[in-house]
Amino acid sequence: MIFSTLEHILIHISFSTVSVVITLHLITLLVNEIVGLYNSFEKGMIVTFSCITGLLVTRWIYWKHLPLSNLYESLIFLSWSFYIIHMIPYFKKQKQNFSAITAPSAIFTQGFVTSGLLTEMHQSAILVPALQSQWLMMHVSMMVLGYAALLGGSLLSVALLIITFQKGIISIFDKRKHLLTKAFFFGEIQYINEKSNILQSGLPFYVKNYYRSQLIEQLDHWSYRVISLGFIFLTIGILSGAVWANEAWGSYWNWDPKETWAFITWTIFAIYLHIRTNKNLQGANSAIVAFIGFLIIWICYFGVNLLGIGLHSYGSFTLKLN
């Protein structure tokens with residue numbers, strides 16, 4: 001009874017804090033100059049992270065196993081992983097652009113978990129025989145950490161694609177404007193004066209273009225590093241899962257829908273890392289592969305659970321709308 005009450009209190013505190021944090025995050029996106037508001041936003045993230053940590057520990061103590069037995073608990077752990085990744089640059093006193101990705105990811109994942117759509121799974125239960133193993137902690141935690149890192153890195157690649165696409169449109173528009181200027185100003189002196197005015201008015205654009213290029217390089221750098229970390233977690237998760245499967249079902253690999261999509265996810269990001277070895281294919285080209293991987297992850301993690309079939313059917317769910 002005490003653990004149940006504490007769990008409900010932590011859920012309500014985290015949901016209330018998330019609501020405030022969402023508002024602060026939207027304001028900080030619009031107004032970057034308010035430093036105090038940014039600090040309040042980060043403190044709200046820390047409070048929410050503390051509540052989620054307390055929630056996971058409470059369920060762990062009460063049910064005597066790591067709370068990763070169903071989709072509800074794994075989503076909480078996914079949100080917790082996003083918070084971990086988000087707060088590393090914060091505690092290092094580095095305001096990286098990565099926080100603009102991890103913060104919304106953590107917030108909206110936590111918001112979905114506490115929204116009431118997965119009320120059937122809020123109450124944990126005795127583990128099914130297949131899950132009563134020490135491999136539960138190793139396999140599932142590595143998989144979820146891998147998903148969190150891969151999703152975060154892929155979203156950075158998506159941001160890179162958006163900025164690159166906008167940069168291309170602006171460049172095309174600027175070239176057309178320059179051609180029109182040449183076409184309509186026939187006098188030599190008038191053309192020289194107009195060219196001088198264009199150069200003067202274009203200085204802010206080139207400065208802005210320089211910072212945009214710097215941002216693209218940072219996004220490319222951080223997406224590669226985070227995806228590499230997530231790929232390591234995913235590899236460890238798949239290998240530990242294979243060992244666990246051999247103990248539980250007598251076979252290392254059964255081509256279960258979850259296993260198949262996990263292998264597809266691993267293959268996509270292996271291709272991404274291979275492409276990164278070629279400097280000519282870095283940037284937008286590798287970002288496209290990461291974007292494909294982003295979609296595949298959600299199919300593997302979330303979409304397969306909608307089917308409710310296979311050896312991983314204990315993680316399935318049905319959404320209930322009030």
# chains A, B, ... in the order shown; residues from 1 in each chain; ligands from 1

$ residues_around --residues "A:Ala270" --least-positions-apart "2" --cutoff "12 Å" --atoms "only C-alpha atoms" --output "PyMOL selection string"
chain A and resi 150+224+227-228+230-232+234-235+263-268+272-277+286+289-290+293

$ write_last_selection --atoms "N, CA and C atoms" --output "CSV table (one decimal), in the first residue's frame"
chain,number,residue,atom,x,y,z
A,150,LEU,N,20.1,5.9,-30.2
A,150,LEU,CA,19.9,5.9,-31.6
A,150,LEU,C,18.8,6.9,-32.0
A,224,TYR,N,26.8,11.5,-35.1
A,224,TYR,CA,27.7,10.3,-35.3
A,224,TYR,C,28.2,9.7,-34.0
A,227,ILE,N,25.0,8.1,-32.1
A,227,ILE,CA,24.6,6.9,-32.8
A,227,ILE,C,25.6,5.8,-32.6
A,228,SER,N,26.9,6.1,-32.6
A,228,SER,CA,27.9,5.1,-32.4
A,228,SER,C,27.8,4.5,-31.0
A,230,GLY,N,24.9,4.4,-29.2
A,230,GLY,CA,23.7,3.6,-29.3
A,230,GLY,C,23.9,2.3,-30.0
A,231,PHE,N,24.7,2.3,-31.0
A,231,PHE,CA,25.0,1.0,-31.8
A,231,PHE,C,25.7,0.0,-30.9
A,232,ILE,N,26.6,0.5,-30.1
A,232,ILE,CA,27.3,-0.4,-29.1
A,232,ILE,C,26.3,-1.0,-28.1
A,234,LEU,N,23.0,-1.4,-28.6
A,234,LEU,CA,22.2,-2.3,-29.3
A,234,LEU,C,22.8,-3.6,-29.6
A,235,THR,N,24.1,-3.6,-30.0
A,235,THR,CA,24.8,-4.8,-30.2
A,235,THR,C,24.9,-5.7,-29.0
A,263,PHE,N,17.1,-6.9,-35.8
A,263,PHE,CA,18.2,-7.1,-36.7
A,263,PHE,C,18.3,-6.1,-37.9
A,264,ILE,N,17.1,-5.8,-38.4
A,264,ILE,CA,17.0,-4.8,-39.4
A,264,ILE,C,17.5,-3.4,-38.9
A,265,THR,N,17.1,-3.1,-37.7
A,265,THR,CA,17.6,-1.8,-37.1
A,265,THR,C,19.1,-1.8,-37.0
A,266,TRP,N,19.7,-2.9,-36.5
A,266,TRP,CA,21.1,-3.1,-36.4
A,266,TRP,C,21.8,-2.9,-37.7
A,267,THR,N,21.2,-3.5,-38.8
A,267,THR,CA,21.8,-3.5,-40.1
A,267,THR,C,21.8,-2.1,-40.7
A,268,ILE,N,20.7,-1.3,-40.5
A,268,ILE,CA,20.6,0.0,-41.0
A,268,ILE,C,21.7,0.9,-40.4
A,272,TYR,N,24.9,2.9,-41.8
A,272,TYR,CA,25.2,4.3,-41.4
A,272,TYR,C,26.7,4.5,-41.0
A,273,LEU,N,27.2,3.6,-40.1
A,273,LEU,CA,28.5,3.7,-39.6
A,273,LEU,C,29.5,3.4,-40.8
A,274,HIS,N,29.2,2.5,-41.7
A,274,HIS,CA,30.0,2.2,-42.8
A,274,HIS,C,30.1,3.4,-43.7
A,275,ILE,N,29.0,4.0,-44.0
A,275,ILE,CA,29.0,5.2,-44.9
A,275,ILE,C,29.8,6.3,-44.3
A,276,ARG,N,29.8,6.4,-43.0
A,276,ARG,CA,30.6,7.5,-42.3
A,276,ARG,C,32.1,7.4,-42.5
A,277,THR,N,32.6,6.2,-42.9
A,277,THR,CA,34.0,6.0,-43.2
A,277,THR,C,34.4,6.7,-44.5
A,286,SER,N,24.7,10.5,-45.1
A,286,SER,CA,24.6,9.6,-43.9
A,286,SER,C,23.3,9.9,-43.1
A,289,VAL,N,20.3,8.0,-44.1
A,289,VAL,CA,20.3,6.6,-43.6
A,289,VAL,C,19.8,6.6,-42.1
A,290,ALA,N,20.3,7.6,-41.3
A,290,ALA,CA,19.9,7.7,-39.9
A,290,ALA,C,18.4,8.0,-39.8
A,293,GLY,N,16.7,4.8,-40.2
A,293,GLY,CA,16.9,4.1,-39.0
A,293,GLY,C,15.9,4.6,-37.9

$ residues_around --residues "A:Ile2" --least-positions-apart "5" --cutoff "12 Å" --atoms "only C-alpha atoms" --output "PyMOL selection string"
chain A and resi 7-9+58-59+61-62

$ write_last_selection --atoms "all heavy atoms" --output "short mmCIF file (atom, residue, chain, number, x, y, z; two decimals), in the first residue's frame"
data_model
loop_
_atom_site.label_atom_id
_atom_site.label_comp_id
_atom_site.auth_asym_id
_atom_site.auth_seq_id
_atom_site.Cartn_x
_atom_site.Cartn_y
_atom_site.Cartn_z
N GLU A 7 4.18 5.50 -5.46
CA GLU A 7 4.26 5.46 -6.92
C GLU A 7 3.31 6.46 -7.55
O GLU A 7 3.67 7.19 -8.48
CB GLU A 7 3.94 4.05 -7.40
CG GLU A 7 4.05 3.86 -8.90
CD GLU A 7 3.74 2.44 -9.33
OE1 GLU A 7 3.92 1.52 -8.51
OE2 GLU A 7 3.31 2.26 -10.49
N HIS A 8 2.06 6.53 -7.03
CA HIS A 8 1.09 7.49 -7.56
C HIS A 8 1.54 8.93 -7.32
O HIS A 8 1.36 9.79 -8.19
CB HIS A 8 -0.28 7.25 -6.91
CG HIS A 8 -1.00 6.05 -7.45
ND1 HIS A 8 -1.46 5.99 -8.76
CD2 HIS A 8 -1.34 4.87 -6.88
CE1 HIS A 8 -2.06 4.83 -8.96
NE2 HIS A 8 -1.99 4.12 -7.84
N ILE A 9 2.13 9.18 -6.17
CA ILE A 9 2.61 10.53 -5.87
C ILE A 9 3.71 10.93 -6.85
O ILE A 9 3.70 12.04 -7.41
CB ILE A 9 3.13 10.61 -4.41
CG1 ILE A 9 1.96 10.47 -3.43
CG2 ILE A 9 3.87 11.93 -4.17
CD1 ILE A 9 2.39 10.37 -1.98
N THR A 58 11.17 2.40 -6.81
CA THR A 58 10.03 1.93 -6.02
C THR A 58 9.46 0.64 -6.59
O THR A 58 9.20 -0.33 -5.86
CB THR A 58 8.93 3.01 -5.98
OG1 THR A 58 9.46 4.20 -5.39
CG2 THR A 58 7.74 2.53 -5.16
N ARG A 59 9.26 0.61 -7.91
CA ARG A 59 8.73 -0.60 -8.55
C ARG A 59 9.73 -1.75 -8.45
O ARG A 59 9.34 -2.91 -8.31
CB ARG A 59 8.38 -0.31 -10.01
CG ARG A 59 7.24 0.66 -10.20
CD ARG A 59 6.99 0.94 -11.68
NE ARG A 59 6.32 -0.17 -12.32
CZ ARG A 59 4.99 -0.28 -12.49
NH1 ARG A 59 4.20 0.68 -12.02
NH2 ARG A 59 4.48 -1.31 -13.11
N ILE A 61 11.92 -2.28 -5.97
CA ILE A 61 11.91 -2.81 -4.60
C ILE A 61 10.63 -3.61 -4.34
O ILE A 61 10.66 -4.69 -3.73
CB ILE A 61 12.05 -1.66 -3.58
CG1 ILE A 61 13.43 -0.99 -3.72
CG2 ILE A 61 11.85 -2.16 -2.15
CD1 ILE A 61 13.60 0.25 -2.88
N TYR A 62 9.50 -3.08 -4.82
CA TYR A 62 8.22 -3.71 -4.52
C TYR A 62 8.06 -5.04 -5.24
O TYR A 62 7.62 -6.04 -4.64
CB TYR A 62 7.09 -2.76 -4.88
CG TYR A 62 5.72 -3.28 -4.53
CD1 TYR A 62 5.29 -3.34 -3.20
CD2 TYR A 62 4.84 -3.73 -5.52
CE1 TYR A 62 4.04 -3.82 -2.87
CE2 TYR A 62 3.59 -4.23 -5.20
CZ TYR A 62 3.19 -4.27 -3.88
OH TYR A 62 1.95 -4.76 -3.55
#

$ closest_residue --among "A:Cys300, A:Ile216, A:Val18, A:Leu66" --to "A:Pro257" --atoms "only C-alpha atoms"
A:Cys300

$ atom_distance --atom1 "atom CA of A:Thr102" --atom2 "atom CA of A:Ile85"
7.1 Å
